[in-house]
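K.L.:
Next comes the structure file coords.cif, holding mmCIF, C-alpha atoms.
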data_start
#
loop_
_atom_site.label_atom_id
_atom_site.label_comp_id
_atom_site.auth_asym_id
_atom_site.auth_seq_id
_atom_site.Cartn_x
_atom_site.Cartn_y
_atom_site.Cartn_z
CA MET A 1 -78.71 51.25 56.11
CA ASN A 2 -76.14 48.54 55.48
CA PRO A 3 -73.05 50.27 54.00
CA SER A 4 -72.03 47.02 52.33
CA VAL A 5 -75.17 47.08 50.15
CA ARG A 6 -75.84 49.69 47.45
CA PRO A 7 -79.62 50.19 47.56
CA ALA A 8 -81.67 50.69 44.40
CA ALA A 9 -81.68 54.41 43.52
CA VAL A 10 -84.10 54.59 40.57
CA ALA A 11 -86.73 52.00 41.52
CA GLY A 12 -90.08 53.76 41.27
CA ALA A 13 -88.71 56.08 38.59
CA PHE A 14 -87.05 54.07 35.80
CA TYR A 15 -88.85 50.85 36.72
CA PRO A 16 -91.45 49.73 39.31
CA ASP A 17 -90.36 49.64 42.94
CA SER A 18 -92.60 46.74 43.92
CA ALA A 19 -91.07 43.30 43.38
CA SER A 20 -94.26 41.81 41.96
CA ALA A 21 -94.87 44.69 39.52
CA LEU A 22 -91.22 44.64 38.46
CA GLU A 23 -91.22 40.87 37.98
CA GLY A 24 -94.42 41.18 35.97
CA ILE A 25 -93.20 43.88 33.60
CA VAL A 26 -89.79 42.29 32.99
CA SER A 27 -91.33 38.86 32.36
CA LEU A 28 -93.88 40.37 29.99
CA MET A 29 -91.23 42.26 28.01
CA LEU A 30 -89.10 39.12 27.75
CA THR A 31 -92.11 37.07 26.63
CA GLU A 32 -93.08 39.63 23.99
CA ALA A 33 -89.54 39.95 22.61
CA PRO A 34 -88.94 38.33 19.24
CA ARG A 35 -87.34 34.89 19.30
CA ASP A 36 -83.81 35.12 18.03
CA ALA A 37 -81.81 32.09 16.95
CA SER A 38 -78.38 33.70 17.10
CA ALA A 39 -75.47 32.06 18.87
CA ASN A 40 -74.65 32.67 22.54
CA PRO A 41 -72.94 36.08 22.74
CA LYS A 42 -69.82 36.91 24.75
CA ALA A 43 -70.86 40.57 25.08
CA ILE A 44 -73.92 42.74 24.51
CA ILE A 45 -74.75 46.44 24.20
CA VAL A 46 -78.12 47.31 25.72
CA PRO A 47 -79.99 50.62 26.38
CA HIS A 48 -80.67 52.02 29.86
CA ALA A 49 -83.64 54.40 29.81
CA GLY A 50 -86.85 54.01 31.78
CA TYR A 51 -88.48 50.70 30.94
CA ILE A 52 -91.45 52.30 29.15
CA TYR A 53 -88.97 53.88 26.73
CA SER A 54 -86.23 51.30 26.18
CA GLY A 55 -87.37 48.17 28.03
CA ALA A 56 -88.62 46.45 24.88
CA ILE A 57 -85.29 47.04 23.12
CA ALA A 58 -83.39 45.70 26.13
CA ALA A 59 -85.72 42.68 26.26
CA SER A 60 -84.97 41.91 22.61
CA ILE A 61 -81.39 41.08 23.55
CA TYR A 62 -82.03 39.62 27.01
CA ALA A 63 -84.80 37.20 25.95
CA PRO A 64 -82.55 34.93 23.85
CA LEU A 65 -79.98 34.84 26.68
CA ARG A 66 -82.35 32.80 28.84
CA ARG A 67 -80.90 29.68 27.25
CA MET A 68 -77.54 30.64 28.84
CA ARG A 69 -78.99 30.64 32.36
CA ALA A 70 -77.05 27.53 33.41
CA ILE A 71 -73.79 28.84 31.90
CA ILE A 72 -73.47 32.50 32.94
CA ARG A 73 -72.09 32.96 36.44
CA ARG A 74 -70.50 36.39 36.21
CA ILE A 75 -71.61 39.67 34.65
CA VAL A 76 -69.10 42.41 33.88
CA LEU A 77 -71.32 45.50 33.62
CA LEU A 78 -70.09 48.84 32.25
CA GLY A 79 -72.07 52.04 31.90
CA PRO A 80 -71.35 55.77 31.71
CA THR A 81 -71.56 58.03 34.73
CA HIS A 82 -74.41 60.55 34.38
CA ARG A 83 -74.19 62.46 37.68
CA VAL A 84 -70.67 62.30 39.08
CA ALA A 85 -67.51 63.14 37.14
CA VAL A 86 -64.93 60.38 37.40
CA ASN A 87 -61.50 59.90 35.93
CA GLY A 88 -61.18 56.27 34.97
CA LEU A 89 -63.49 53.37 35.77
CA ALA A 90 -65.13 53.43 39.19
CA LEU A 91 -65.78 50.38 41.36
CA PRO A 92 -67.98 50.63 44.45
CA SER A 93 -66.69 49.65 47.91
CA CYS A 94 -69.86 47.70 48.79
CA THR A 95 -70.18 43.92 48.60
CA ASP A 96 -73.72 43.81 47.15
CA PHE A 97 -76.17 45.70 44.94
CA SER A 98 -79.85 45.48 45.73
CA THR A 99 -83.02 45.81 43.62
CA PRO A 100 -86.65 45.03 44.45
CA LEU A 101 -85.91 41.51 43.10
CA GLY A 102 -83.18 40.86 45.66
CA ILE A 103 -79.45 41.09 46.29
CA VAL A 104 -76.70 40.75 43.67
CA PRO A 105 -73.25 39.96 45.12
CA ILE A 106 -70.19 41.84 43.84
CA ASP A 107 -67.54 39.70 42.13
CA LEU A 108 -64.74 40.23 44.65
CA GLN A 109 -62.35 37.97 42.74
CA GLY A 110 -62.79 40.03 39.59
CA LEU A 111 -62.39 43.19 41.61
CA ALA A 112 -59.09 41.92 43.02
CA ALA A 113 -57.90 41.14 39.48
CA ILE A 114 -58.17 44.77 38.30
CA VAL A 115 -57.80 46.96 41.37
CA ASP A 116 -54.07 47.51 40.75
CA LEU A 117 -54.69 49.10 37.33
CA PRO A 118 -54.15 52.90 37.34
CA GLN A 119 -57.45 53.56 35.52
CA ILE A 120 -59.45 51.77 38.26
CA VAL A 121 -60.73 53.90 41.15
CA VAL A 122 -63.09 53.18 44.02
CA ASN A 123 -65.83 55.79 44.09
CA ASP A 124 -69.15 55.13 45.82
CA ALA A 125 -70.58 58.51 44.81
CA ALA A 126 -70.28 57.52 41.15
CA HIS A 127 -72.51 54.50 41.84
CA ALA A 128 -74.94 55.91 44.42
CA GLN A 129 -77.45 57.50 42.01
CA GLU A 130 -76.26 55.99 38.72
CA HIS A 131 -79.04 54.43 36.65
CA SER A 132 -77.05 53.11 33.69
CA LEU A 133 -75.94 50.01 35.62
CA GLU A 134 -78.93 49.63 37.93
CA VAL A 135 -81.62 49.37 35.25
CA GLN A 136 -79.89 46.30 33.80
CA LEU A 137 -80.04 44.37 37.07
CA PRO A 138 -83.74 43.33 37.09
CA PHE A 139 -83.32 41.95 33.56
CA LEU A 140 -80.13 40.14 34.55
CA GLN A 141 -81.73 38.78 37.74
CA THR A 142 -84.76 37.53 35.82
CA VAL A 143 -82.76 35.97 32.98
CA PHE A 144 -79.83 34.45 34.88
CA GLY A 145 -81.04 33.98 38.45
CA SER A 146 -77.86 33.95 40.50
CA PHE A 147 -74.58 35.49 39.33
CA SER A 148 -71.84 37.74 40.64
CA LEU A 149 -71.54 41.30 39.33
CA LEU A 150 -68.57 43.46 38.48
CA PRO A 151 -70.08 46.98 38.14
CA LEU A 152 -67.91 49.61 36.46
CA ALA A 153 -69.11 53.22 36.23
CA VAL A 154 -67.07 54.63 33.37
CA GLY A 155 -65.93 58.25 33.40
CA GLN A 156 -63.15 60.05 31.50
CA THR A 157 -60.82 57.42 30.12
CA THR A 158 -59.61 55.95 26.85
CA PRO A 159 -61.00 53.00 24.90
CA GLU A 160 -57.59 51.35 25.32
CA ALA A 161 -57.77 51.67 29.13
CA ILE A 162 -61.25 50.10 29.09
CA ALA A 163 -60.12 47.28 26.78
CA GLU A 164 -57.26 46.54 29.19
CA VAL A 165 -59.75 46.11 32.04
CA LEU A 166 -61.98 43.87 29.89
CA GLU A 167 -58.95 41.75 28.99
CA ARG A 168 -58.33 40.94 32.65
CA LEU A 169 -61.99 40.11 33.23
CA TRP A 170 -62.61 38.26 29.95
CA GLY A 171 -63.02 34.82 31.51
CA GLU A 172 -64.50 31.83 29.72
CA GLU A 173 -68.12 31.08 28.79
CA GLU A 174 -69.27 31.80 32.36
CA THR A 175 -68.59 35.54 31.88
CA LEU A 176 -70.93 37.89 29.99
CA ILE A 177 -69.85 41.48 29.29
CA VAL A 178 -72.71 43.98 29.28
CA VAL A 179 -72.24 47.57 28.04
CA SER A 180 -75.11 49.87 28.94
CA SER A 181 -75.62 52.81 26.57
CA ASP A 182 -78.30 54.83 24.85
CA LEU A 183 -77.62 56.28 21.40
CA SER A 184 -78.48 59.79 20.09
CA HIS A 185 -80.13 62.24 22.47
CA TYR A 186 -82.97 64.70 21.80
CA LEU A 187 -82.83 64.90 18.01
CA PRO A 188 -86.00 65.02 15.91
CA TYR A 189 -87.18 61.50 15.00
CA ASP A 190 -85.93 61.39 11.40
CA LYS A 191 -82.52 62.88 12.23
CA ALA A 192 -82.13 60.43 15.09
CA LYS A 193 -82.90 57.49 12.81
CA VAL A 194 -80.15 58.58 10.41
CA MET A 195 -77.56 59.16 13.16
CA ASP A 196 -78.41 55.94 15.00
CA SER A 197 -78.19 53.91 11.78
CA GLU A 198 -74.72 55.35 11.17
CA THR A 199 -73.70 54.56 14.75
CA ALA A 200 -75.04 51.02 14.42
CA GLN A 201 -73.00 50.54 11.26
CA GLN A 202 -69.86 51.75 13.08
CA ILE A 203 -70.48 49.23 15.84
CA LEU A 204 -70.96 46.46 13.26
CA ASP A 205 -67.69 47.58 11.62
CA LEU A 206 -65.92 47.48 15.04
CA ASP A 207 -65.04 51.14 14.47
CA ALA A 208 -64.01 52.36 17.93
CA SER A 209 -64.36 56.09 17.19
CA ILE A 210 -67.95 56.59 18.37
CA SER A 211 -68.53 60.05 19.87
CA HIS A 212 -70.48 61.05 22.97
CA GLN A 213 -72.99 62.78 20.67
CA GLN A 214 -73.71 59.38 19.14
CA ALA A 215 -73.92 57.43 22.40
CA CYS A 216 -73.77 58.41 26.06
CA GLY A 217 -71.81 55.21 26.70
CA ALA A 218 -69.40 55.91 23.85
CA SER A 219 -66.33 55.19 25.98
CA PRO A 220 -67.35 51.70 27.15
CA ILE A 221 -68.69 50.91 23.65
CA ASN A 222 -65.37 51.91 22.07
CA GLY A 223 -63.46 49.88 24.68
CA LEU A 224 -65.63 46.85 23.93
CA LEU A 225 -65.13 47.31 20.18
CA LEU A 226 -61.33 47.21 20.64
CA ALA A 227 -61.63 44.06 22.75
CA ALA A 228 -64.07 42.51 20.28
CA ARG A 229 -61.66 43.11 17.43
CA LYS A 230 -58.80 41.52 19.39
CA HIS A 231 -60.89 38.45 20.27
CA GLY A 232 -62.45 38.06 16.83
CA LEU A 233 -66.01 38.70 18.01
CA LYS A 234 -68.65 39.34 15.39
CA PRO A 235 -71.30 42.01 16.22
CA VAL A 236 -74.94 41.46 15.29
CA LEU A 237 -77.63 44.17 15.38
CA VAL A 238 -80.61 42.80 17.31
CA ASP A 239 -82.81 45.89 17.64
CA LEU A 240 -82.63 49.60 16.76
CA ARG A 241 -85.44 51.96 17.74
CA ASN A 242 -85.95 55.19 19.64
CA SER A 243 -88.31 56.71 22.19
CA GLY A 244 -90.48 58.01 19.34
CA ASP A 245 -91.20 54.37 18.47
CA THR A 246 -92.00 53.36 22.05
CA ALA A 247 -93.45 55.92 24.43
CA GLY A 248 -92.21 59.38 23.57
CA ASP A 249 -93.09 62.14 21.16
CA LYS A 250 -91.22 62.35 17.87
CA ALA A 251 -89.99 65.94 18.24
CA ARG A 252 -87.11 65.01 20.60
CA VAL A 253 -86.15 61.38 20.84
CA VAL A 254 -83.47 59.20 22.42
CA GLY A 255 -82.03 56.35 20.36
CA TYR A 256 -81.72 52.77 21.61
CA GLY A 257 -79.77 49.91 20.11
CA ALA A 258 -79.24 46.28 21.11
CA PHE A 259 -76.17 44.44 19.82
CA ALA A 260 -74.78 40.95 20.43
CA PHE A 261 -71.10 40.07 20.04
CA GLN A 262 -70.48 36.45 19.14
CA GLU A 263 -67.40 34.30 18.91
CA GLY A 264 -66.35 34.25 15.27
CA ASP A 265 -66.52 30.47 14.88
CA GLN A 266 -70.10 30.12 16.09
CA HIS A 267 -72.91 29.73 13.59
CA ALA A 268 -76.62 30.30 14.08
CA HIS A 269 -78.40 27.00 13.56
#
How does this structure look as structure tokens?

P.N.:
Amino acid sequence: MNPSVRPAAVAGAFYPDSASALEGIVSLMLTEAPRDASANPKAIIVPHAGYIYSGAIAASIYAPLRRMRAIIRRIVLLGPTHRVAVNGLALPSCTDFSTPLGIVPIDLQGLAAIVDLPQIVVNDAAHAQEHSLEVQLPFLQTVFGSFSLLPLAVGQTTPEAIAEVLERLWGEEETLIVVSSDLSHYLPYDKAKVMDSETAQQILDLDASISHQQACGASPINGLLLAARKHGLKPVLVDLRNSGDTAGDKARVVGYGAFAFQEGDQHAH
């Protein structure tokens, strides 16, 4: 095993482990996603469950980004840690992430730009089994082709500390910020719809007080909302559904939302 490459941990569970099957399902979801004429976003929020549950919601935000393929060269990817407790934001020590679709190089320049911050730690255990970042990669690989990745597994930290990291990595139009988060967990269908609608409204209001009951990636969402407010980004709701709408039963559902954050002076034509 090459220690400089983080191998895929949830291929065969959250998404297919064969390259051809994975390519097929991602391409199909992107093709079936509604066409959206909104402007090119600077940042997105996208869900991270198994593809049968949240893949269509993820595709709804990734499909329109295909027109940015020639522009985007760097992805700053933040997601919550599900298995390993971390204080701060964890970087891996490897130089590449791998999926069945190939290798994604780590953005070493970006890494060097933030490694001095006290909230940044290097923790390979936080990344080893973490699905919140990994499930985004096949979509990103399919949509953008080649890019460098700055993967941040977010543990206990403040929205302000996250916004400070985003500020250093903000970049120009070549940088896309991706926050990976599901919404409510295991509520009955109707209750989930109410809670997720309220959460969506908070995101649209740039209200950075979202709780972990509302979203597992509440911390990175709140950090993004602070940064979005500072940079004058305008959030747009692209999709809001739950597992009861896709592949699960309605007694206990998980909520999924897709949001795009656009520069304030852009207009949809």

K.L.:
Determine the residue membership of the PyMOL selection byres ((chain A and resi 259) around 6) for the file above and supply it as a tab-separated table (two decimals) with C-alpha atoms, in the frame of the given file.

P.N.:
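The resulting selection.tsv:
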chain	number	residue	atom	x	y	z
A	44	ILE	CA	-73.92	42.74	24.51
A	45	ILE	CA	-74.75	46.44	24.20
A	236	VAL	CA	-74.94	41.46	15.29
A	237	LEU	CA	-77.63	44.17	15.38
A	238	VAL	CA	-80.61	42.80	17.31
A	258	ALA	CA	-79.24	46.28	21.11
A	260	ALA	CA	-74.78	40.95	20.43

K.L.:
At what distance in Å, to one decimal, does CA of Gly50 (chain A) lie from CA of Leu91 (chain A)?

P.N.:
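These atoms are spaced 23.4 Å apart.
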
K.L.:
Can you turn the PyMOL selection byres ((chain A and resi 241) around 10) into a concrete residue list for this file, as a PDB file with C-alpha atoms, in the coordinates of the input?

P.N.:
ATOM      1  CA  TYR A  53     -88.970  53.880  26.730  1.00  0.00           C
ATOM      2  CA  SER A  54     -86.230  51.300  26.180  1.00  0.00           C
ATOM      3  CA  ALA A  56     -88.620  46.450  24.880  1.00  0.00           C
ATOM      4  CA  ILE A  57     -85.290  47.040  23.120  1.00  0.00           C
ATOM      5  CA  LEU A 183     -77.620  56.280  21.400  1.00  0.00           C
ATOM      6  CA  ALA A 192     -82.130  60.430  15.090  1.00  0.00           C
ATOM      7  CA  LYS A 193     -82.900  57.490  12.810  1.00  0.00           C
ATOM      8  CA  ASP A 196     -78.410  55.940  15.000  1.00  0.00           C
ATOM      9  CA  SER A 197     -78.190  53.910  11.780  1.00  0.00           C
ATOM     10  CA  ASP A 239     -82.810  45.890  17.640  1.00  0.00           C
ATOM     11  CA  LEU A 240     -82.630  49.600  16.760  1.00  0.00           C
ATOM     12  CA  ASN A 242     -85.950  55.190  19.640  1.00  0.00           C
ATOM     13  CA  SER A 243     -88.310  56.710  22.190  1.00  0.00           C
ATOM     14  CA  GLY A 244     -90.480  58.010  19.340  1.00  0.00           C
ATOM     15  CA  ASP A 245     -91.200  54.370  18.470  1.00  0.00           C
ATOM     16  CA  THR A 246     -92.000  53.360  22.050  1.00  0.00           C
ATOM     17  CA  VAL A 253     -86.150  61.380  20.840  1.00  0.00           C
ATOM     18  CA  VAL A 254     -83.470  59.200  22.420  1.00  0.00           C
ATOM     19  CA  GLY A 255     -82.030  56.350  20.360  1.00  0.00           C
ATOM     20  CA  TYR A 256     -81.720  52.770  21.610  1.00  0.00           C
ATOM     21  CA  GLY A 257     -79.770  49.910  20.110  1.00  0.00           C
ATOM     22  CA  ALA A 258     -79.240  46.280  21.110  1.00  0.00           C
TER      23      ALA A 258
END

K.L.:
Could you expand the PyMOL selection byres ((chain A and resi 170) around 12) into the explicit residues it covers here, written as number ranges by chain?

P.N.:
A: 42-43, 74-77, 110, 113-114, 150, 162-169, 171-178, 224, 227-228, 230-231

K.L.:
Provide the CA of Ala21 (chain A) to CA of Met68 (chain A) distance in Å, to one decimal place.

P.N.:
24.7 Å

K.L.:
Considering all atoms listed in the file, can you say which of A:Ala9, A:Ala63, A:Ala251, A:Ala112 comes closest to Glu130 (chain A)?

P.N.:
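Residue with the minimum atom-to-atom distance to Glu130 (chain A): A:Ala9.
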
K.L.:
With 5 Å on each side, where is the centre of the axis-aligned box around all listed atoms of region 137-145 of chain A, and how long are its edges in Å to one decimal, as JSON?

P.N.:
{"center_x": -82.3, "center_y": 39.2, "center_z": 35.7, "size_x": 14.9, "size_y": 20.4, "size_z": 15.5}

K.L.:
For a test of reading the model, state the distance in Å between CA of Pro118 (chain A) and CA of Pro151 (chain A), rounded to one decimal.

P.N.:
17.0 Å

K.L.:
Contacts of Leu233 (chain A) at 7 Å or less, counting only C-alpha atoms, minus same-chain residues fewer than 2 places along, as number ranges by chain?

P.N.:
A: 228-229, 231, 235, 261-264

K.L.:
Which of these residues is nearest to Asp96 (chain A), using all atoms listed in the file: A:Val194, A:Val5, A:Ile61, A:Val122?

P.N.:
A:Val5

K.L.:
Counting all atoms listed in the file, which residue out of A:Leu133, A:Ala59, A:Val26, A:Met195 sits closest to Phe97 (chain A)?

P.N.:
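Selected residue with least distance to Phe97 (chain A): A:Leu133.
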
K.L.:
Which residues are near Arg35 (chain A)? Cut-off 10 Å, all atoms listed in the file, ignore same chain within fewer than 3 positions. Put them as a ChimeraX atom specification.

P.N.:
/A:30-32,38,60-61,63-64

K.L.:
With a distance cut-off of 10 Å and all atoms listed in the file, select the neighbouring residues of Ala208 (chain A), excluding the residue or stretch itself and same-chain residues fewer than 6 positions from it, and output the selection as a list in words.

P.N.:
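With the cut-off at 10 Å, the set is Pro159, Glu160, Gln202, Ala218, Ser219, Pro220, Ile221, Asn222, Gly223, Leu224, Leu225, Leu226, Ala227 and Arg229 of chain A.
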
K.L.:
Can you list, as an NGL selection string, every protein, DNA or RNA residue that comes within 8 Å of Ala215 (chain A) when you count all atoms listed in the file, leaving out same-chain residues fewer than 3 positions away?

P.N.:
:A and (181-185 or 210-212 or 218)

K.L.:
Name the closest residue to Asn123 (chain A) among the candidates A:Gly145, A:Ala85, A:Phe139, A:Gly217; distances are taken between atoms, counting all atoms listed in the file.

P.N.:
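The answer is A:Ala85, which sits nearest to Asn123 (chain A).
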
K.L.:
My list of candidates is A:Ala200, A:Leu78, A:Leu137, A:Val84. Which is closest to Tyr62 (chain A) when distances are computed with only C-alpha atoms?

P.N.:
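Nearest candidate to Tyr62 (chain A) out of A:Ala200, A:Leu78, A:Leu137, A:Val84: A:Leu137.
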
K.L.:
Name the closest residue to Ile103 (chain A) among the candidates A:Gly248, A:Gly232, A:Pro138, A:Pro34; distances are taken between atoms, counting all atoms listed in the file.

P.N.:
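Of A:Gly248, A:Gly232, A:Pro138, A:Pro34, the one nearest Ile103 (chain A) is A:Pro138, counting all atoms listed in the file.
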
K.L.:
For a cut-off of 10 Å around (-90.4, 51.5, 38.8), file coordinates, pick out all residues using all atoms listed in the file and list them as a CSV table (one decimal) with C-alpha atoms, keeping the file's coordinate frame.

P.N.:
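Contents of part-v8.csv, freshly written:
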chain,number,residue,atom,x,y,z
A,10,VAL,CA,-84.1,54.6,40.6
A,11,ALA,CA,-86.7,52.0,41.5
A,12,GLY,CA,-90.1,53.8,41.3
A,13,ALA,CA,-88.7,56.1,38.6
A,14,PHE,CA,-87.0,54.1,35.8
A,15,TYR,CA,-88.8,50.8,36.7
A,16,PRO,CA,-91.4,49.7,39.3
A,17,ASP,CA,-90.4,49.6,42.9
A,18,SER,CA,-92.6,46.7,43.9
A,19,ALA,CA,-91.1,43.3,43.4
A,21,ALA,CA,-94.9,44.7,39.5
A,22,LEU,CA,-91.2,44.6,38.5
A,25,ILE,CA,-93.2,43.9,33.6
A,50,GLY,CA,-86.8,54.0,31.8
A,51,TYR,CA,-88.5,50.7,30.9
A,52,ILE,CA,-91.4,52.3,29.2
A,100,PRO,CA,-86.6,45.0,44.4
A,135,VAL,CA,-81.6,49.4,35.2
